[in-house]
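Asker: File run_0.txt below, compact mmCIF, C-alpha atoms:
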# COMPACT_ATOMS: atom_id res chain seq x y z
CA MET A 1 -27.25 64.93 -59.28
CA GLU A 2 -27.35 64.99 -55.49
CA ALA A 3 -24.09 65.95 -53.77
CA LEU A 4 -22.25 63.15 -52.03
CA GLY A 5 -22.08 63.11 -48.25
CA HIS A 6 -18.72 64.20 -46.84
CA ASP A 7 -17.98 60.73 -45.54
CA ASP A 8 -18.52 59.30 -49.05
CA LEU A 9 -15.94 61.54 -50.72
CA PRO A 10 -12.38 60.38 -51.41
CA THR A 11 -10.02 61.14 -48.57
CA GLU A 12 -7.69 62.99 -50.93
CA LEU A 13 -8.51 65.15 -53.92
CA ASN A 14 -6.16 65.57 -56.86
CA THR A 15 -4.59 69.00 -56.37
CA ASP A 16 -1.87 68.65 -59.03
CA TYR A 17 -3.45 71.32 -61.24
CA TYR A 18 -3.91 73.99 -58.56
CA ASN A 19 -2.35 77.31 -59.54
CA ARG A 20 -0.01 77.69 -56.59
CA PRO A 21 2.28 80.34 -58.14
CA GLY A 22 -0.81 82.44 -58.89
CA ALA A 23 -2.05 82.03 -55.33
CA GLU A 24 1.31 83.08 -53.94
CA GLY A 25 1.39 86.19 -56.11
CA PHE A 26 -2.19 87.06 -55.25
CA MET A 27 -1.67 86.85 -51.51
CA GLU A 28 1.59 88.79 -51.73
CA HIS A 29 -0.16 91.64 -53.57
CA LEU A 30 -3.08 91.49 -51.16
CA ALA A 31 -0.85 91.71 -48.10
CA ASN A 32 1.38 94.50 -49.35
CA GLY A 33 -0.90 96.76 -51.36
CA MET A 34 -4.40 97.24 -52.68
CA LEU A 35 -6.12 95.32 -55.45
CA LEU A 36 -9.18 96.39 -57.45
CA MET A 37 -11.68 93.61 -58.15
CA GLN A 38 -14.13 93.75 -61.03
CA GLY A 39 -17.80 94.53 -60.46
CA PRO A 40 -20.74 92.12 -60.63
CA MET A 41 -21.52 89.60 -63.35
CA GLY A 42 -25.03 88.54 -62.33
CA THR A 43 -26.74 91.93 -62.39
CA MET A 44 -24.96 92.88 -65.62
CA LEU A 45 -26.29 89.74 -67.32
CA MET A 46 -29.76 90.18 -65.80
CA SER A 47 -29.86 93.73 -67.19
CA GLU A 48 -29.83 92.42 -70.75
CA VAL A 49 -33.22 92.78 -72.41
CA GLY A 50 -35.29 89.65 -71.83
CA ALA A 51 -32.65 88.09 -69.56
CA GLN A 52 -33.91 89.03 -66.10
CA ASP A 53 -35.19 85.50 -65.43
CA ILE A 54 -32.20 83.64 -66.89
CA PRO A 55 -29.82 82.24 -64.22
CA PRO A 56 -26.44 83.98 -64.64
CA THR A 57 -24.56 80.67 -64.62
CA PHE A 58 -26.45 79.60 -67.76
CA TRP A 59 -24.36 82.07 -69.77
CA ASN A 60 -21.06 80.29 -69.05
CA LEU A 61 -21.88 77.57 -71.56
CA GLY A 62 -24.93 79.03 -73.32
CA GLU A 63 -23.42 82.38 -74.31
CA PRO A 64 -19.77 82.37 -73.15
CA GLN A 65 -18.87 85.23 -75.49
CA MET A 66 -21.08 87.53 -73.39
CA VAL A 67 -19.36 86.45 -70.16
CA ARG A 68 -15.94 87.02 -71.75
CA ARG A 69 -17.08 90.42 -73.00
CA LEU A 70 -18.06 91.55 -69.52
CA HIS A 71 -14.74 90.44 -68.04
CA LEU A 72 -12.94 92.29 -70.84
CA LEU A 73 -14.94 95.45 -70.09
CA TYR A 74 -13.99 95.28 -66.43
CA GLY A 75 -10.37 94.68 -67.35
CA ALA A 76 -10.39 97.68 -69.68
CA ALA A 77 -11.89 99.73 -66.84
CA GLY A 78 -8.90 98.92 -64.65
CA ALA A 79 -9.85 95.83 -62.65
CA GLN A 80 -6.85 93.76 -61.60
CA VAL A 81 -8.86 90.82 -60.21
CA MET A 82 -11.48 88.95 -62.22
CA LEU A 83 -14.30 87.24 -60.29
CA THR A 84 -15.79 84.19 -61.99
CA ASN A 85 -19.46 83.96 -62.93
CA THR A 86 -20.01 81.06 -60.53
CA PHE A 87 -21.84 82.58 -57.56
CA GLN A 88 -24.63 80.01 -57.97
CA ALA A 89 -22.68 77.23 -59.68
CA SER A 90 -22.62 74.55 -56.97
CA ALA A 91 -24.31 71.28 -57.94
CA PRO A 92 -27.45 71.91 -55.83
CA ALA A 93 -27.84 75.46 -57.16
CA LEU A 94 -27.42 74.33 -60.78
CA ALA A 95 -30.01 71.58 -60.27
CA ARG A 96 -32.43 74.11 -58.74
CA ASP A 97 -31.99 76.40 -61.75
CA GLY A 98 -32.45 73.57 -64.26
CA ILE A 99 -28.90 73.79 -65.65
CA VAL A 100 -28.03 70.33 -66.96
CA PRO A 101 -24.28 70.27 -67.79
CA PRO A 102 -22.02 68.88 -65.03
CA MET A 103 -21.01 71.27 -62.28
CA ALA A 104 -17.30 71.00 -63.05
CA GLU A 105 -17.94 71.86 -66.72
CA VAL A 106 -19.93 74.98 -65.84
CA ASN A 107 -17.25 76.17 -63.43
CA ARG A 108 -14.39 75.49 -65.83
CA ALA A 109 -16.15 77.44 -68.58
CA ALA A 110 -16.54 80.39 -66.20
CA VAL A 111 -12.85 80.31 -65.26
CA ASP A 112 -11.87 80.19 -68.94
CA CYS A 113 -14.02 83.27 -69.58
CA ALA A 114 -12.44 85.15 -66.69
CA ARG A 115 -8.93 84.23 -67.80
CA ALA A 116 -9.68 85.54 -71.30
CA ALA A 117 -9.64 89.07 -69.89
CA ARG A 118 -5.97 88.60 -68.96
CA GLY A 119 -6.35 90.29 -65.60
CA ALA A 120 -3.57 89.90 -63.08
CA PHE A 121 -5.60 87.41 -61.03
CA ALA A 122 -8.76 85.29 -61.19
CA VAL A 123 -10.81 84.43 -58.09
CA GLY A 124 -13.55 81.80 -57.97
CA SER A 125 -16.90 83.08 -56.68
CA MET A 126 -18.95 80.80 -54.40
CA GLY A 127 -22.36 81.69 -52.93
CA GLN A 128 -24.81 79.75 -50.80
CA CYS A 129 -25.65 76.32 -52.22
CA GLY A 130 -29.22 76.33 -50.89
CA LEU A 131 -29.11 73.10 -48.87
CA GLU A 132 -30.66 73.34 -45.40
CA TRP A 133 -29.13 71.54 -42.42
CA PHE A 134 -29.95 71.24 -38.72
CA HIS A 135 -26.87 69.93 -36.91
CA GLU A 136 -23.29 69.16 -37.80
CA GLU A 137 -23.67 65.40 -37.49
CA SER A 138 -26.57 65.26 -39.96
CA ALA A 139 -26.50 63.92 -43.50
CA ALA A 140 -27.82 67.31 -44.66
CA TYR A 141 -24.78 69.11 -43.24
CA ARG A 142 -22.42 66.60 -44.86
CA ALA A 143 -24.20 67.07 -48.19
CA ALA A 144 -23.87 70.85 -47.97
CA ARG A 145 -20.20 70.65 -47.03
CA ALA A 146 -19.61 68.22 -49.90
CA ALA A 147 -21.36 70.52 -52.39
CA TYR A 148 -19.06 73.40 -51.45
CA ARG A 149 -16.04 71.12 -51.49
CA ASP A 150 -16.91 69.87 -54.97
CA GLN A 151 -17.33 73.36 -56.39
CA ALA A 152 -14.16 74.62 -54.70
CA HIS A 153 -12.20 71.72 -56.17
CA ALA A 154 -13.66 72.36 -59.64
CA LEU A 155 -12.70 76.05 -59.51
CA LEU A 156 -9.20 75.39 -58.19
CA THR A 157 -8.57 72.63 -60.74
CA ALA A 158 -9.69 75.02 -63.48
CA GLY A 159 -6.95 77.45 -62.40
CA VAL A 160 -8.27 80.21 -60.13
CA ASP A 161 -5.79 81.89 -57.81
CA ALA A 162 -8.16 81.91 -54.81
CA LEU A 163 -11.73 81.20 -53.72
CA MET A 164 -14.21 83.88 -52.63
CA LEU A 165 -17.11 82.80 -50.41
CA GLU A 166 -19.33 85.85 -50.79
CA THR A 167 -22.62 87.34 -49.60
CA PHE A 168 -22.94 85.03 -46.61
CA CYS A 169 -25.56 86.30 -44.15
CA SER A 170 -24.93 84.21 -41.03
CA ILE A 171 -22.36 81.97 -39.38
CA ARG A 172 -24.75 79.05 -39.88
CA ASP A 173 -24.72 79.69 -43.63
CA VAL A 174 -20.96 80.05 -43.90
CA GLN A 175 -20.06 77.10 -41.65
CA PRO A 176 -20.38 74.25 -44.21
CA ALA A 177 -19.18 76.53 -47.02
CA LEU A 178 -15.95 77.43 -45.27
CA ALA A 179 -15.40 73.86 -44.10
CA GLY A 180 -15.98 72.50 -47.60
CA ALA A 181 -13.77 75.09 -49.27
CA VAL A 182 -10.94 74.40 -46.81
CA ASP A 183 -11.41 70.66 -47.43
CA ALA A 184 -10.57 71.24 -51.08
CA ALA A 185 -8.12 74.14 -50.78
CA ASP A 186 -4.98 72.26 -49.73
CA GLY A 187 -3.37 75.57 -48.79
CA MET A 188 -4.89 77.69 -51.57
CA PRO A 189 -6.39 81.01 -50.39
CA VAL A 190 -9.99 81.02 -49.16
CA LEU A 191 -11.55 84.50 -48.79
CA VAL A 192 -14.83 85.12 -46.94
CA SER A 193 -17.17 88.09 -47.41
CA PHE A 194 -20.35 88.82 -45.44
CA ALA A 195 -23.54 90.78 -46.16
CA ILE A 196 -24.29 93.28 -43.39
CA ASN A 197 -26.92 95.85 -42.42
CA GLU A 198 -26.40 99.52 -41.59
CA ALA A 199 -25.36 98.65 -38.03
CA GLY A 200 -22.58 96.36 -39.26
CA GLU A 201 -24.40 93.15 -38.31
CA LEU A 202 -24.87 90.02 -40.41
CA LEU A 203 -28.26 90.07 -42.13
CA GLY A 204 -29.18 86.54 -41.05
CA ASP A 205 -28.19 86.28 -37.40
CA GLY A 206 -27.29 89.79 -36.21
CA LEU A 207 -23.70 88.90 -35.29
CA THR A 208 -21.37 91.90 -35.42
CA ILE A 209 -18.92 92.10 -38.29
CA GLU A 210 -16.10 91.81 -35.75
CA GLY A 211 -17.46 88.48 -34.53
CA ALA A 212 -17.92 87.25 -38.09
CA VAL A 213 -14.36 88.21 -39.00
CA VAL A 214 -12.91 86.38 -36.01
CA TYR A 215 -14.98 83.25 -36.76
CA ALA A 216 -13.94 83.19 -40.42
CA GLU A 217 -10.25 83.60 -39.64
CA ARG A 218 -10.31 80.90 -36.97
CA HIS A 219 -11.82 78.48 -39.49
CA GLY A 220 -9.39 79.06 -42.34
CA ALA A 221 -10.21 82.36 -44.07
CA GLN A 222 -7.11 84.12 -45.40
CA ALA A 223 -8.93 87.41 -46.07
CA VAL A 224 -12.23 88.77 -44.74
CA GLY A 225 -14.68 91.43 -45.85
CA VAL A 226 -18.14 92.70 -46.64
CA ASN A 227 -20.05 92.85 -49.90
CA CYS A 228 -23.54 93.51 -51.26
CA CYS A 229 -24.29 96.08 -48.55
CA SER A 230 -24.84 99.82 -48.78
CA LEU A 231 -21.95 102.17 -49.46
CA GLU A 232 -22.38 103.72 -46.02
CA ALA A 233 -22.42 100.37 -44.23
CA ALA A 234 -19.33 99.21 -46.10
CA THR A 235 -17.38 102.39 -45.33
CA ALA A 236 -18.26 102.19 -41.63
CA ALA A 237 -17.28 98.51 -41.52
CA VAL A 238 -13.74 98.89 -42.87
CA PRO A 239 -12.08 100.35 -39.74
CA ARG A 240 -14.05 97.93 -37.57
CA MET A 241 -12.78 94.97 -39.59
CA LYS A 242 -9.23 96.31 -39.57
CA ALA A 243 -9.32 96.48 -35.77
CA ALA A 244 -10.56 92.90 -35.46
CA ALA A 245 -8.82 91.13 -38.35
CA ARG A 246 -5.40 89.55 -38.64
CA THR A 247 -5.82 88.99 -42.38
CA PRO A 248 -6.35 91.41 -45.31
CA VAL A 249 -9.69 93.25 -45.37
CA MET A 250 -12.02 93.46 -48.40
CA VAL A 251 -14.93 95.78 -49.23
CA ARG A 252 -17.40 95.65 -52.16
CA PRO A 253 -20.77 97.42 -51.60
CA ASN A 254 -23.72 97.41 -53.99
CA ALA A 255 -25.69 100.12 -55.79
CA GLY A 256 -28.93 99.63 -53.87
CA ASP A 257 -32.22 98.12 -55.01
CA PRO A 258 -33.20 98.01 -58.70
CA THR A 259 -36.33 99.22 -60.41
CA ARG A 260 -38.12 97.25 -63.13
CA GLN A 261 -38.80 98.99 -66.42
CA GLY A 262 -41.92 98.48 -68.55
CA ASN A 263 -40.18 95.81 -70.65
CA GLY A 264 -39.20 93.92 -67.48
CA THR A 265 -35.55 95.00 -67.56
CA LEU A 266 -33.97 95.64 -64.16
CA VAL A 267 -32.22 98.99 -63.72
CA TRP A 268 -29.97 100.10 -60.84
CA HIS A 269 -29.15 103.69 -59.91
CA GLU A 270 -25.38 103.72 -60.23
CA GLU A 271 -23.24 106.50 -58.73
CA PRO A 272 -19.61 105.95 -59.74
CA GLU A 273 -18.44 109.22 -58.20
CA ARG A 274 -19.66 108.19 -54.74
CA PHE A 275 -17.84 104.87 -55.04
CA ALA A 276 -14.68 106.70 -56.07
CA GLN A 277 -14.90 108.97 -53.03
CA ALA A 278 -15.51 106.01 -50.75
CA CYS A 279 -12.58 104.18 -52.31
CA SER A 280 -10.25 106.90 -51.02
CA GLN A 281 -11.67 106.38 -47.53
CA TRP A 282 -11.26 102.62 -47.76
CA ARG A 283 -7.64 103.01 -48.77
CA ALA A 284 -6.98 105.40 -45.90
CA ALA A 285 -8.66 102.97 -43.49
CA GLY A 286 -6.42 100.10 -44.63
CA ALA A 287 -8.53 97.98 -47.01
CA HIS A 288 -6.57 95.57 -49.18
CA LEU A 289 -9.12 94.54 -51.82
CA VAL A 290 -11.84 96.90 -53.05
CA GLY A 291 -14.57 96.70 -55.66
CA SER A 292 -18.30 96.94 -56.15
CA CYS A 293 -21.21 94.53 -56.10
CA CYS A 294 -24.76 94.25 -57.48
CA GLY A 295 -26.02 97.06 -59.67
CA THR A 296 -22.67 98.60 -60.55
CA THR A 297 -20.97 98.41 -63.95
CA PRO A 298 -17.51 98.98 -65.46
CA ARG A 299 -18.21 102.73 -65.06
CA THR A 300 -17.88 102.33 -61.30
CA THR A 301 -14.78 100.16 -61.69
CA ALA A 302 -13.19 102.83 -63.91
CA ALA A 303 -13.98 105.59 -61.40
CA MET A 304 -12.37 103.59 -58.61
CA ALA A 305 -9.34 102.75 -60.78
CA ASP A 306 -8.79 106.46 -61.42
CA VAL A 307 -8.71 107.14 -57.67
CA LEU A 308 -6.32 104.27 -56.97
CA ALA A 309 -4.00 105.43 -59.75
CA GLU A 310 -3.50 108.81 -58.10
Translate the structure described by the file into structure tokens.

Answerer:
Amino acid sequence: MEALGHDDLPTELNTDYYNRPGAEGFMEHLANGMLLMQGPMGTMLMSEVGAQDIPPTFWNLGEPQMVRRLHLLYGAAGAQVMLTNTFQASAPALARDGIVPPMAEVNRAAVDCARAARGAFAVGSMGQCGLEWFHEESAAYRAARAAYRDQAHALLTAGVDALMLETFCSIRDVQPALAGAVDAADGMPVLVSFAINEAGELLGDGLTIEGAVVYAERHGAQAVGVNCCSLEAATAAVPRMKAAARTPVMVRPNAGDPTRQGNGTLVWHEEPERFAQACSQWRAAGAHLVGSCCGTTPRTTAAMADVLAE
């Protein structure tokens, strides 16, 4: 189903079921300490034999027990924050991937799976919806903003404590996403995380991470960070973000590029010890939320939890 244009949406969304006590607790912990977020869902699911071409969001309703199992593994490894398996669960992304159930149903199932792990907090993951737009007054922009707003509302109604807009590569990409998320948030926390290169610049437009941080905060982000970049790029970005940001800083690098085995299975070279060492540096530099992205597993989460427990 095509997303509605922003002007066609109701002026007010029902926010009665938003988890405001959870949001308050989450932001209090984020401001005053350090939280450990779980590792990736997508690459873990894609690593299953024969599953490399299955969209990760399919599992929320198709095999929810597997999604719950992964959240439980991350929780057992020490993760305090669960991240929902909804990175590509906006209506346009689901339609592209041929996933038929309604967007709200897919997102609610993912939140239920994350909550089953009984972590301290659950955050709703939102990635790029895939709709192209040319200028802010266009119908395409309104459709993109509406798609993000719809998914944000579905996640918040299902009970997440905050929203995470993650792996955004340019200000152009994040603009309708942040606007749509704020449309639905009604005061609930919206976090924004960018993908950067080794120089600390956004992959899509070359803007410095400092510029990206300032833009996100000015447009409603209540925490800012980087994810799905190299360990070195992430570590170098933390003090730069701290110097530019007024909100809590987040960092979640990946494990590099995968290799494909003879049976088609994707394999990443994971180095939990290096992530643990970097985690000490992130803490010293003032990061508030830490974790790991594509290619890592609960082994990396456990290594980081050990460091944070010291």

Asker: List the spatial neighbours of range 35-50 of chain A as a PyMOL selection string - criterion: any atom at most 7 Å away, only C-alpha atoms, same-chain residues fewer than 5 positions off excluded.

Answerer: chain A and resi 30+56+74+79-83+85+265-267+288-298+301

Asker: Go through A:Ala110, A:Leu165, A:Ala177, A:Ala120 one by one, measure the shortest atom-to-atom distance of each to Arg142 in chain A using only C-alpha atoms, and give the residue with the smallest value.

Answerer: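 Between A:Ala110, A:Leu165, A:Ala177, A:Ala120, the residue approaching Arg142 in chain A most closely is A:Ala177.
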
Asker: Which residue out of A:Ala139, A:Val192, A:Ala276, A:Val307 has the minimum interatomic distance to Thr247 in chain A when all atoms listed in the file are used?

Answerer: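 The closest residue to Thr247 in chain A is A:Val192.
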
Asker: If I put a ball of radius 8 Å at (-28.4, 82.2, -62.5) in the file's coordinates, which residues poke into it when counting all atoms listed in the file, written as a ChimeraX atom specification?

Answerer: /A:42,54-58,88,97

Asker: Do a neighbour search on Gly220 in chain A at 8 Å with all atoms listed in the file, toss out local chain neighbours closer than 6 positions, and write the hits as a VMD selection string.

Answerer: chain A and resid 178 182 190

Asker: Which of these residues is nearest to Val224 in chain A, using only C-alpha atoms: A:Asn197, A:Thr167, A:Asn263, A:Thr86?

Answerer: A:Thr167

Asker: Using CA of Ala152 in chain A and CA of Ala184 in chain A as the two end points, give the distance in Å to one decimal.

Answerer: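 Those two atoms sit 6.1 Å apart.
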
Asker: Got a sec: who's within 10 Å of Arg240 in chain A, counting only C-alpha atoms, leaving out chain neighbours fewer than 4 positions off, as number ranges by chain?

Answerer: A: 200, 208-210, 213, 235-236, 244-245, 285

Asker: Nearest to Cys113 in chain A among A:Ser230, A:Gln65, A:Ser90, A:Gln281, with distances taken over only C-alpha atoms: which residue is it?

Answerer: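 With only C-alpha atoms as the atom set, the closest residue is A:Gln65.
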
Asker: Using only C-alpha atoms, can you tell me which of A:Leu155, A:Leu163, A:Val111, A:Ala305 comes closest to Ala77 in chain A?

Answerer: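 Going through A:Leu155, A:Leu163, A:Val111, A:Ala305 one by one, the smallest distance to Ala77 in chain A is for A:Ala305.
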
Asker: Which is closest to Ala143 in chain A among A:Gly262, A:Gly211, A:Gly180, A:Gly124, if we use only C-alpha atoms?

Answerer: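 For Ala143 in chain A, the nearest of the given residues is A:Gly180.
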
Asker: One number please: CA of Phe168 in chain A to CA of Ala195 in chain A, in Å, one decimal.

Answerer: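 We find that CA of Phe168 in chain A and CA of Ala195 in chain A lie 5.8 Å from each other.
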
Asker: What does the distance between CA of Arg246 in chain A and CA of Phe26 in chain A come to in Å, to one decimal place?

Answerer: 17.1 Å

Asker: May I have the residues within 7 Å of Asp161 in chain A as a list in words, using only C-alpha atoms and disregarding those fewer than 5 positions away in the same chain?

Answerer: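 Once the adjacent positions are removed, what remains is Asn19, Gly22, Ala23, Phe26, Phe121, Ala122 and Val123 of chain A.
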
Asker: Set the distance at 10 Å and use all atoms listed in the file: which residues neighbour Ser280 in chain A once local chain neighbours fewer than 5 positions away are removed? I'd like the list as JSON, numbers by chain.

Answerer: {"A": [275, 285, 287, 304, 307, 308, 310]}
